[in-house]
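Trainee: TSV, C-alpha atoms, saved as run-v1.tsv, coming up:
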```tsv
chain	number	residue	atom	x	y	z
A	1	MET	CA	-60.52	27.13	-8.55
A	2	SER	CA	-56.82	26.94	-9.25
A	3	TRP	CA	-53.73	26.67	-7.10
A	4	SER	CA	-50.31	28.03	-7.67
A	5	VAL	CA	-47.24	27.30	-5.58
A	6	ASP	CA	-44.41	29.77	-5.42
A	7	THR	CA	-41.21	27.71	-5.25
A	8	SER	CA	-38.78	30.53	-5.91
A	9	ASP	CA	-37.76	30.89	-2.25
A	10	PHE	CA	-37.35	27.15	-1.87
A	11	LEU	CA	-35.27	26.77	-5.02
A	12	GLY	CA	-33.18	29.79	-4.13
A	13	SER	CA	-32.47	28.35	-0.69
A	14	LEU	CA	-31.79	24.92	-2.14
A	15	LYS	CA	-29.18	26.34	-4.49
A	16	SER	CA	-27.54	28.21	-1.65
A	17	GLU	CA	-27.58	25.08	0.58
A	18	LEU	CA	-26.07	22.95	-2.17
A	19	GLN	CA	-23.27	25.47	-2.64
A	20	ASP	CA	-22.71	25.48	1.09
A	21	MET	CA	-22.58	21.67	1.21
A	22	SER	CA	-20.14	21.62	-1.67
A	23	ARG	CA	-17.92	24.14	0.11
A	24	LEU	CA	-18.05	22.06	3.31
A	25	ALA	CA	-17.16	18.89	1.38
A	26	VAL	CA	-14.14	20.58	-0.18
A	27	GLU	CA	-13.07	21.90	3.20
A	28	ASP	CA	-13.41	18.41	4.65
A	29	GLN	CA	-11.16	17.02	1.92
A	30	ARG	CA	-8.64	19.80	2.50
A	31	LYS	CA	-8.50	18.98	6.22
A	32	ARG	CA	-8.14	15.29	5.47
A	33	ALA	CA	-5.26	15.95	3.06
A	34	HIS	CA	-3.46	18.04	5.65
A	35	ARG	CA	-4.02	15.42	8.34
A	36	ILE	CA	-2.38	12.82	6.07
A	37	ALA	CA	0.52	15.17	5.30
A	38	ASN	CA	1.04	16.01	8.97
A	39	ASP	CA	0.96	12.34	9.90
A	40	MET	CA	3.50	11.57	7.16
A	41	LYS	CA	5.77	14.33	8.42
A	42	ALA	CA	5.49	13.07	11.99
A	43	ASN	CA	6.36	9.51	11.00
A	44	ALA	CA	8.93	10.22	8.28
A	45	PRO	CA	12.35	8.75	9.07
A	46	ARG	CA	14.87	11.18	10.51
A	47	ASP	CA	17.84	10.07	8.48
A	48	PRO	CA	20.94	12.21	9.12
A	49	SER	CA	21.95	11.72	5.49
A	50	ASN	CA	18.61	13.10	4.32
A	51	PRO	CA	17.27	15.51	6.94
A	52	ASP	CA	15.03	17.32	4.47
A	53	LEU	CA	12.60	14.46	3.83
A	54	PRO	CA	9.90	15.56	6.33
A	55	GLU	CA	9.99	19.09	4.97
A	56	SER	CA	9.53	17.83	1.40
A	57	ILE	CA	6.03	16.55	2.27
A	58	GLY	CA	3.17	18.83	1.40
A	59	VAL	CA	-0.30	19.26	-0.06
A	60	GLU	CA	-0.88	20.64	-3.53
A	61	GLU	CA	-4.31	22.04	-4.30
A	62	GLY	CA	-5.73	22.47	-7.75
A	63	LYS	CA	-8.62	21.80	-10.09
A	64	ASP	CA	-8.86	18.94	-12.54
A	65	SER	CA	-9.86	19.21	-16.20
A	66	ARG	CA	-13.55	19.26	-15.20
A	67	GLY	CA	-12.99	22.03	-12.71
A	68	LYS	CA	-13.32	19.75	-9.69
A	69	PRO	CA	-10.98	20.53	-6.81
A	70	TYR	CA	-8.32	18.00	-5.79
A	71	PHE	CA	-5.74	17.75	-3.04
A	72	ASP	CA	-2.54	15.94	-3.85
A	73	VAL	CA	-0.51	14.79	-0.86
A	74	GLY	CA	3.05	13.96	-1.74
A	75	ASN	CA	6.67	14.87	-1.49
A	76	SER	CA	9.38	16.15	-3.74
A	77	ASP	CA	12.22	14.01	-2.42
A	78	PRO	CA	13.35	11.27	-4.84
A	79	ASP	CA	14.69	9.27	-1.88
A	80	ALA	CA	11.23	9.01	-0.33
A	81	PHE	CA	10.24	5.97	-2.41
A	82	TYR	CA	13.17	3.97	-1.02
A	83	GLN	CA	12.45	5.19	2.49
A	84	GLU	CA	8.83	4.10	2.14
A	85	PHE	CA	9.36	0.76	0.39
A	86	GLY	CA	12.96	-0.12	1.33
A	87	THR	CA	15.21	-2.18	-0.91
A	88	ARG	CA	16.07	-5.85	-1.03
A	89	PHE	CA	18.38	-5.63	1.97
A	90	GLN	CA	17.26	-2.40	3.57
A	91	ASP	CA	14.05	-2.18	5.54
A	92	GLY	CA	11.49	0.34	4.46
A	93	HIS	CA	9.91	2.85	6.77
A	94	PRO	CA	6.27	3.05	5.62
A	95	PHE	CA	5.40	6.53	6.77
A	96	ALA	CA	3.02	7.34	3.88
A	97	ARG	CA	0.80	4.28	3.62
A	98	SER	CA	0.14	4.15	7.36
A	99	ALA	CA	-0.98	7.78	7.24
A	100	VAL	CA	-3.33	7.09	4.32
A	101	ALA	CA	-4.66	3.93	5.98
A	102	LYS	CA	-5.66	5.87	9.07
A	103	GLU	CA	-7.80	8.17	6.93
A	104	SER	CA	-9.32	5.39	4.87
A	105	ARG	CA	-12.03	4.63	7.41
B	1	MET	CA	-1.29	-22.11	12.84
B	2	SER	CA	0.75	-18.94	12.32
B	3	LEU	CA	1.50	-16.43	15.02
B	4	THR	CA	1.83	-13.45	12.69
B	5	THR	CA	0.19	-12.16	9.54
B	6	GLY	CA	3.54	-12.41	7.76
B	7	ASN	CA	3.92	-16.07	8.64
B	8	ALA	CA	0.34	-16.85	7.59
B	9	LEU	CA	0.98	-15.26	4.21
B	10	LYS	CA	4.37	-16.98	3.94
B	11	ALA	CA	2.70	-20.36	4.46
B	12	TYR	CA	0.08	-19.50	1.88
B	13	VAL	CA	2.55	-18.29	-0.78
B	14	GLU	CA	4.78	-21.33	-0.30
B	15	SER	CA	1.76	-23.62	-0.71
B	16	LEU	CA	0.90	-22.29	-4.15
B	17	GLY	CA	3.26	-24.63	-5.97
B	18	LEU	CA	5.27	-21.81	-7.54
B	19	ASN	CA	8.48	-23.05	-5.93
B	20	ILE	CA	8.97	-19.61	-4.40
B	21	LYS	CA	10.26	-19.10	-0.88
B	22	ALA	CA	8.75	-16.39	1.24
B	23	TYR	CA	10.35	-14.48	4.08
B	24	ARG	CA	8.93	-12.23	6.72
B	25	ASP	CA	10.45	-8.72	6.50
B	26	ARG	CA	13.51	-9.62	4.44
B	27	ALA	CA	15.50	-12.52	3.10
B	28	PRO	CA	18.79	-13.65	4.67
B	29	GLU	CA	21.74	-11.56	3.52
B	30	ASP	CA	23.27	-14.33	1.42
B	31	THR	CA	20.08	-15.05	-0.55
B	32	LYS	CA	20.73	-15.09	-4.29
B	33	LEU	CA	18.18	-14.47	-7.03
B	34	VAL	CA	19.96	-16.89	-9.35
B	35	SER	CA	21.48	-20.29	-8.55
B	36	LEU	CA	25.11	-21.12	-9.38
B	37	SER	CA	23.85	-22.88	-12.50
B	38	GLY	CA	22.07	-19.73	-13.64
B	39	VAL	CA	18.51	-20.73	-12.78
B	40	SER	CA	16.24	-17.95	-11.55
B	41	GLN	CA	15.31	-18.20	-7.87
B	42	PRO	CA	12.65	-15.57	-7.19
B	43	TYR	CA	11.44	-15.06	-3.67
B	44	VAL	CA	8.86	-13.10	-1.74
B	45	THR	CA	9.21	-10.84	1.27
B	46	ILE	CA	6.29	-9.78	3.42
B	47	ARG	CA	6.10	-6.67	5.52
B	48	GLU	CA	3.13	-6.93	7.82
B	49	ARG	CA	1.17	-4.43	9.84
B	50	LEU	CA	1.76	-1.20	7.98
B	51	ALA	CA	-1.21	-0.19	10.12
B	52	LEU	CA	-4.14	-1.82	11.89
B	53	ILE	CA	-7.46	-0.14	11.31
B	54	PRO	CA	-10.23	-1.43	13.58
B	55	ASP	CA	-13.70	-1.76	12.10
B	56	GLY	CA	-16.64	-0.12	13.81
B	57	LEU	CA	-17.51	-1.11	17.35
B	58	GLU	CA	-19.84	-4.04	17.80
B	59	ASP	CA	-21.42	-4.48	21.22
B	60	GLY	CA	-18.95	-1.92	22.52
B	61	GLN	CA	-15.89	-3.84	21.34
B	62	ALA	CA	-13.59	-3.71	18.37
B	63	THR	CA	-13.50	-7.28	17.12
B	64	THR	CA	-12.37	-7.02	13.52
B	65	ALA	CA	-9.86	-4.91	11.66
B	66	MET	CA	-8.13	-4.33	8.35
B	67	GLU	CA	-4.36	-4.74	8.29
B	68	PRO	CA	-2.52	-3.32	5.25
B	69	VAL	CA	0.43	-5.53	4.28
B	70	GLU	CA	3.15	-5.13	1.68
B	71	LEU	CA	4.27	-8.17	-0.28
B	72	ASN	CA	7.29	-8.00	-2.59
B	73	LEU	CA	8.23	-10.41	-5.33
B	74	TRP	CA	11.96	-10.23	-6.16
B	75	GLN	CA	13.46	-11.58	-9.37
B	76	GLN	CA	16.71	-11.14	-11.21
B	77	TRP	CA	15.95	-9.17	-14.35
B	78	LEU	CA	18.57	-10.40	-16.83
B	79	SER	CA	21.13	-13.17	-16.79
B	80	ASP	CA	24.56	-12.26	-15.43
B	81	ASP	CA	25.86	-11.80	-18.98
B	82	ARG	CA	22.78	-9.57	-19.63
B	83	LYS	CA	21.84	-11.53	-22.75
B	84	THR	CA	18.77	-13.38	-21.48
B	85	VAL	CA	15.69	-12.12	-19.69
B	86	LEU	CA	15.23	-14.12	-16.50
B	87	GLU	CA	12.19	-12.27	-15.22
B	88	ASN	CA	9.09	-14.42	-15.43
B	89	PRO	CA	5.92	-12.30	-15.52
B	90	VAL	CA	3.77	-15.30	-14.69
B	91	TYR	CA	4.80	-15.15	-11.04
B	92	ALA	CA	3.38	-11.67	-10.50
B	93	ASP	CA	0.12	-12.47	-12.25
B	94	THR	CA	-0.27	-15.74	-10.39
B	95	LEU	CA	0.38	-14.13	-7.03
B	96	ALA	CA	-2.19	-11.41	-7.71
B	97	ASN	CA	-4.72	-14.00	-8.81
B	98	LYS	CA	-4.13	-16.37	-5.90
B	99	LEU	CA	-3.88	-13.71	-3.20
B	100	HIS	CA	-7.06	-11.82	-4.09
B	101	GLY	CA	-9.82	-13.33	-1.99
B	102	ALA	CA	-7.49	-15.84	-0.34
B	103	ARG	CA	-8.32	-17.41	3.01
B	104	ILE	CA	-5.08	-17.81	4.91
B	105	ASN	CA	-4.22	-19.53	8.18
B	106	PRO	CA	-5.58	-18.07	11.42
B	107	ILE	CA	-3.20	-15.66	13.14
B	108	GLY	CA	-2.83	-17.28	16.53
B	109	THR	CA	-6.42	-17.92	17.51
B	110	LYS	CA	-7.73	-15.05	15.36
B	111	THR	CA	-9.66	-15.78	12.22
B	112	VAL	CA	-8.62	-14.24	8.93
B	113	TYR	CA	-11.70	-13.51	6.84
B	114	GLY	CA	-9.88	-12.81	3.64
B	115	VAL	CA	-7.13	-11.05	1.74
B	116	ARG	CA	-7.85	-8.34	-0.77
B	117	VAL	CA	-5.27	-7.19	-3.30
B	118	THR	CA	-5.56	-3.42	-3.53
B	119	ASN	CA	-2.59	-3.02	-5.86
B	120	GLY	CA	-1.63	-6.03	-7.87
B	121	GLY	CA	2.02	-5.48	-8.35
B	122	LEU	CA	3.74	-2.18	-9.00
B	123	ARG	CA	6.75	-3.20	-11.11
B	124	VAL	CA	10.04	-1.57	-10.20
B	125	ALA	CA	13.02	-2.51	-12.33
B	126	ASP	CA	16.49	-1.59	-11.10
B	127	ARG	CA	18.93	-1.63	-13.99
B	128	ASP	CA	21.99	-1.13	-11.79
B	129	LYS	CA	21.16	-3.96	-9.42
B	130	ASN	CA	19.75	-6.10	-12.23
B	131	GLU	CA	16.64	-6.91	-10.24
B	132	VAL	CA	12.90	-6.55	-10.70
B	133	ARG	CA	10.54	-6.05	-7.86
B	134	HIS	CA	6.75	-6.30	-7.87
B	135	ILE	CA	5.15	-4.55	-4.92
B	136	PHE	CA	1.71	-5.81	-3.91
B	137	SER	CA	-0.53	-3.95	-1.50
B	138	LEU	CA	-2.82	-6.23	0.44
B	139	ASP	CA	-5.62	-5.63	2.90
B	140	VAL	CA	-5.94	-8.47	5.39
B	141	HIS	CA	-9.36	-8.55	7.01
B	142	ARG	CA	-9.07	-10.30	10.37
B	143	GLN	CA	-10.12	-10.58	13.95
B	144	ILE	CA	-8.16	-8.65	16.53
```
Give the structure from the file, written as C-alpha cells.
Mentor:
Amino acid sequence: MSWSVDTSDFLGSLKSELQDMSRLAVEDQRKRAHRIANDMKANAPRDPSNPDLPESIGVEEGKDSRGKPYFDVGNSDPDAFYQEFGTRFQDGHPFARSAVAKESR
Amino acid sequence: MSLTTGNALKAYVESLGLNIKAYRDRAPEDTKLVSLSGVSQPYVTIRERLALIPDGLEDGQATTAMEPVELNLWQQWLSDDRKTVLENPVYADTLANKLHGARINPIGTKTVYGVRVTNGGLRVADRDKNEVRHIFSLDVHRQI
C-alpha cells in the first residue's frame, strides 16, 4: 500500500499568502512613513523667514539595490538641520526626532 | 538628586573628570570656547525630553519610559590665528564611552535604569564660526 499527498493546492495558497503578507508589510511601512512625515509637518516651526519648511517635508518611495522597497522621510530645505538641532546660541526645534520616536515603539 | 533629566546628565558629565562644564539647554551668552590665554574650554549642552515614550502597560499603569535626549559637545576648531587645531577628539570618544550604559542620578524620586547612546557623536564643523560640534543622541530609560 502506498500513500501520496497532493500539496499543490497548499503550496499555491502558501505562495499567495506570502505575497499578500509582503504587500501588507510594505503598506504598513508606507503608512508609518506618512505618519512620521505628517507629524513632522505638524510640529515644524512656523518661522516667518522660512515659511516653506513644512511643505518641504515628504516621503520618497523607491527600491534599493536588492529590489526591496524603502520609504525615505525627509525634507529638501537646507535650513531644516539648524531648525532641528539649533546652534550654539539658538534653540533647536526638534520636530523630526520626536516624530520618529513616536513611531519607534 | 536632580529634578530633571538634563540636570542628572549635567551632574554625570561634570563628574567624569574631563574638566568640561555642562549646561541644560544652552550655555550663558558670554560663554567662550577659548580662555583669554588661548586654552580650549569645551562645554556640553543637554536638550532633554525630545519625546517621552512610555513602555507597555504593567498592571494597567505606565511605569517606565524611554526619553530621547540630545547632548552636544562644543569645541573651538582652530586657534584664533587659525594655525593650531584646538579640537580634541578624545572628548567625544570619552563621552560616548562613558555615557553608554551609564547609571545617572534619579530624576526627582524616579529611578533611571540606564542611558543608551544611539548615535555617538555626529560631528558638525562650522568653518565660519570656527567651532566643532558633536551631537549625541541618547535614550534615557527611566521611571515616569
Trainee: Using all atoms listed in the file, find which residues of chain A lie within 7 Å of chain B and jot them down as a ChimeraX atom specification.
Mentor: /A:89,94,98,101-102
Trainee: Could you list, as number ranges by chain, every residue within 7 Å of range 10-17 of chain B, counting all atoms listed in the file and ignoring same-chain residues fewer than 5 positions away?
Mentor: B: 22-23, 104
Trainee: Just the residues within 10 Å of range 53-60 of chain A, please, counting all atoms listed in the file, with nothing from its chain fewer than 2 positions along; format it as number ranges by chain.
Mentor: A: 30, 33-38, 40-47, 49-51, 62, 70-80, 83, 96
Trainee: Store the residues picked out above, limited to C-alpha atoms, as a short mmCIF file (atom, residue, chain, number, x, y, z; two decimals), in the frame of the given file.
Mentor:
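Output file again-v9.cif is given in full below:
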```cif
data_model
loop_
_atom_site.label_atom_id
_atom_site.label_comp_id
_atom_site.auth_asym_id
_atom_site.auth_seq_id
_atom_site.Cartn_x
_atom_site.Cartn_y
_atom_site.Cartn_z
CA ARG A 30 -8.64 19.80 2.50
CA ALA A 33 -5.26 15.95 3.06
CA HIS A 34 -3.46 18.04 5.65
CA ARG A 35 -4.02 15.42 8.34
CA ILE A 36 -2.38 12.82 6.07
CA ALA A 37 0.52 15.17 5.30
CA ASN A 38 1.04 16.01 8.97
CA MET A 40 3.50 11.57 7.16
CA LYS A 41 5.77 14.33 8.42
CA ALA A 42 5.49 13.07 11.99
CA ASN A 43 6.36 9.51 11.00
CA ALA A 44 8.93 10.22 8.28
CA PRO A 45 12.35 8.75 9.07
CA ARG A 46 14.87 11.18 10.51
CA ASP A 47 17.84 10.07 8.48
CA SER A 49 21.95 11.72 5.49
CA ASN A 50 18.61 13.10 4.32
CA PRO A 51 17.27 15.51 6.94
CA GLY A 62 -5.73 22.47 -7.75
CA TYR A 70 -8.32 18.00 -5.79
CA PHE A 71 -5.74 17.75 -3.04
CA ASP A 72 -2.54 15.94 -3.85
CA VAL A 73 -0.51 14.79 -0.86
CA GLY A 74 3.05 13.96 -1.74
CA ASN A 75 6.67 14.87 -1.49
CA SER A 76 9.38 16.15 -3.74
CA ASP A 77 12.22 14.01 -2.42
CA PRO A 78 13.35 11.27 -4.84
CA ASP A 79 14.69 9.27 -1.88
CA ALA A 80 11.23 9.01 -0.33
CA GLN A 83 12.45 5.19 2.49
CA ALA A 96 3.02 7.34 3.88
#
```
Trainee: For a test of reading the model, state the distance in Å between CA of Ser16 in chain A and CA of Ser65 in chain A, rounded to one decimal.
Mentor: 24.6 Å
Trainee: Could you give me, as a ChimeraX atom specification, the residues that sit within 7 Å of (-3.3, -16.7, 8.6) in the file's coordinates, counting only C-alpha atoms?
Mentor: /B:2,5,8-9,104-107,112
Trainee: Grab the residues selected above and save them as a compact mmCIF listing (two decimals), in the coordinates of the input with C-alpha atoms.
Mentor:
```
# COMPACT_ATOMS: atom_id res chain seq x y z
CA SER B 2 0.75 -18.94 12.32
CA THR B 5 0.19 -12.16 9.54
CA ALA B 8 0.34 -16.85 7.59
CA LEU B 9 0.98 -15.26 4.21
CA ILE B 104 -5.08 -17.81 4.91
CA ASN B 105 -4.22 -19.53 8.18
CA PRO B 106 -5.58 -18.07 11.42
CA ILE B 107 -3.20 -15.66 13.14
CA VAL B 112 -8.62 -14.24 8.93
```
Trainee: To one decimal place in Å, what is the distance between CA of Asn130 in chain B and CA of Leu18 in chain B?
Mentor: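 The value is 21.9 Å.
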Trainee: Can you work out which one of B:Thr4, B:Asn97, B:Gln76, B:Thr118 has the shortest atom-to-atom distance to Arg88 in chain A, counting only C-alpha atoms?
Mentor: B:Gln76
Trainee: Restricting the calculation to only C-alpha atoms: of A:Thr7, A:Asp52, A:Lys63, A:Gly12, which residue gets closest to Val26 in chain A?
Mentor: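 Nearest candidate to Val26 in chain A out of A:Thr7, A:Asp52, A:Lys63, A:Gly12: A:Lys63.
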Trainee: Taking all atoms listed in the file into account, which of B:Pro42, B:Gly6, B:Gly120, B:Gly108 comes nearest Gln75 in chain B?
Mentor: B:Pro42
Trainee: So how many Å separate CA of Arg24 in chain B and CA of Val140 in chain B, to one decimal?
Mentor: 15.4 Å
Trainee: Give me, as a ChimeraX atom specification, all polymer residues having an atom no more than 7 Å from Gly114 in chain B, counting all atoms listed in the file and skipping those fewer than 4 positions away in the same chain.
Mentor: /B:101-103,140-141
Trainee: Quick one: residues within 8 Å of range 84-90 of chain B, all atoms listed in the file, excluding same-chain residues fewer than 5 positions away - as a PyMOL selection string?
Mentor: chain B and resi 40+75-79+132
Trainee: Write out the residues from the selection above, keeping C-alpha atoms, as a compact mmCIF listing (two decimals), in the coordinates of the input.
Mentor:
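again_27.txt, written as the output of this step:
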```
# COMPACT_ATOMS: atom_id res chain seq x y z
CA SER B 40 16.24 -17.95 -11.55
CA GLN B 75 13.46 -11.58 -9.37
CA GLN B 76 16.71 -11.14 -11.21
CA TRP B 77 15.95 -9.17 -14.35
CA LEU B 78 18.57 -10.40 -16.83
CA SER B 79 21.13 -13.17 -16.79
CA VAL B 132 12.90 -6.55 -10.70
```
Trainee: Let me know the centre plus edge lengths, in Å and rounded to one decimal, of a box with edges along x, y and z that contains all listed atoms of range 103-118 of chain B and is padded by 5 Å on every side, as lines of an AutoDock Vina configuration file.
Mentor:
```
center_x = -7.3
center_y = -11.5
center_z = 7.0
size_x = 18.9
size_y = 26.1
size_z = 31.0
```
Trainee: Could you tell me which of B:Val115, B:Leu57, B:Val39, B:Ala62 comes closest to Leu99 in chain B if we count all atoms listed in the file?
Mentor: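 The shortest atom-to-atom distance to Leu99 in chain B comes from B:Val115.
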Trainee: Point out the residue among A:Ser22, A:Glu103, A:Met1, A:Arg97 with the least atom-to-atom distance to Leu138 in chain B, counting all atoms listed in the file.
Mentor: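 Ranking A:Ser22, A:Glu103, A:Met1, A:Arg97 by distance to Leu138 in chain B, first place goes to A:Arg97.
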Trainee: When you get a chance, write out all heavy atoms for range 44-54 of chain A, as a compact mmCIF listing (two decimals), in the frame of the given file.
Mentor:
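This is the output file out20.txt:
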```txt
# COMPACT_ATOMS: atom_id res chain seq x y z
N ALA A 44 7.85 10.36 9.27
CA ALA A 44 8.93 10.22 8.28
C ALA A 44 10.25 9.94 8.99
O ALA A 44 10.50 10.47 10.08
CB ALA A 44 9.04 11.50 7.45
N PRO A 45 11.08 9.08 8.41
CA PRO A 45 12.35 8.75 9.07
C PRO A 45 13.25 9.98 9.17
O PRO A 45 13.30 10.80 8.25
CB PRO A 45 12.96 7.69 8.15
CG PRO A 45 12.25 7.84 6.86
CD PRO A 45 10.90 8.37 7.15
N ARG A 46 13.90 10.08 10.31
CA ARG A 46 14.87 11.18 10.51
C ARG A 46 16.25 10.63 10.18
O ARG A 46 16.99 10.21 11.06
CB ARG A 46 14.83 11.65 11.96
CG ARG A 46 13.96 12.88 12.22
CD ARG A 46 12.54 12.70 11.84
NE ARG A 46 11.77 13.93 12.05
CZ ARG A 46 10.53 14.08 11.67
NH1 ARG A 46 9.90 13.11 11.04
NH2 ARG A 46 9.88 15.22 11.89
N ASP A 47 16.56 10.60 8.92
CA ASP A 47 17.84 10.07 8.48
C ASP A 47 18.85 11.22 8.40
O ASP A 47 18.62 12.19 7.67
CB ASP A 47 17.64 9.42 7.10
CG ASP A 47 18.88 8.71 6.61
OD1 ASP A 47 19.95 8.94 7.20
OD2 ASP A 47 18.76 7.93 5.65
N PRO A 48 19.96 11.11 9.15
CA PRO A 48 20.94 12.21 9.12
C PRO A 48 21.45 12.52 7.72
O PRO A 48 21.82 13.66 7.42
CB PRO A 48 22.08 11.71 10.02
CG PRO A 48 21.48 10.63 10.84
CD PRO A 48 20.38 10.03 10.03
N SER A 49 21.46 11.48 6.85
CA SER A 49 21.95 11.72 5.49
C SER A 49 20.90 12.40 4.61
O SER A 49 21.19 12.84 3.51
CB SER A 49 22.37 10.40 4.85
OG SER A 49 21.24 9.58 4.66
N ASN A 50 19.67 12.46 5.09
CA ASN A 50 18.61 13.10 4.32
C ASN A 50 17.64 13.81 5.26
O ASN A 50 16.48 13.43 5.40
CB ASN A 50 17.88 12.03 3.48
CG ASN A 50 16.85 12.66 2.56
OD1 ASN A 50 16.85 13.88 2.37
ND2 ASN A 50 15.98 11.85 1.99
N PRO A 51 18.10 14.86 5.92
CA PRO A 51 17.27 15.51 6.94
C PRO A 51 16.09 16.28 6.37
O PRO A 51 15.19 16.67 7.12
CB PRO A 51 18.26 16.47 7.63
CG PRO A 51 19.30 16.74 6.60
CD PRO A 51 19.40 15.52 5.75
N ASP A 52 16.07 16.47 5.06
CA ASP A 52 15.03 17.32 4.47
C ASP A 52 13.76 16.56 4.10
O ASP A 52 12.79 17.17 3.66
CB ASP A 52 15.56 18.02 3.22
CG ASP A 52 16.72 18.94 3.55
OD1 ASP A 52 16.76 19.42 4.71
OD2 ASP A 52 17.57 19.15 2.68
N LEU A 53 13.76 15.24 4.28
CA LEU A 53 12.60 14.46 3.83
C LEU A 53 11.29 14.94 4.46
O LEU A 53 10.32 15.18 3.73
CB LEU A 53 12.82 12.97 4.11
CG LEU A 53 11.64 12.03 3.80
CD1 LEU A 53 11.24 12.13 2.34
CD2 LEU A 53 11.98 10.60 4.15
N PRO A 54 11.20 15.11 5.78
CA PRO A 54 9.90 15.56 6.33
C PRO A 54 9.43 16.89 5.73
O PRO A 54 8.24 17.07 5.49
CB PRO A 54 10.18 15.69 7.83
CG PRO A 54 11.33 14.78 8.09
CD PRO A 54 12.18 14.86 6.85
```
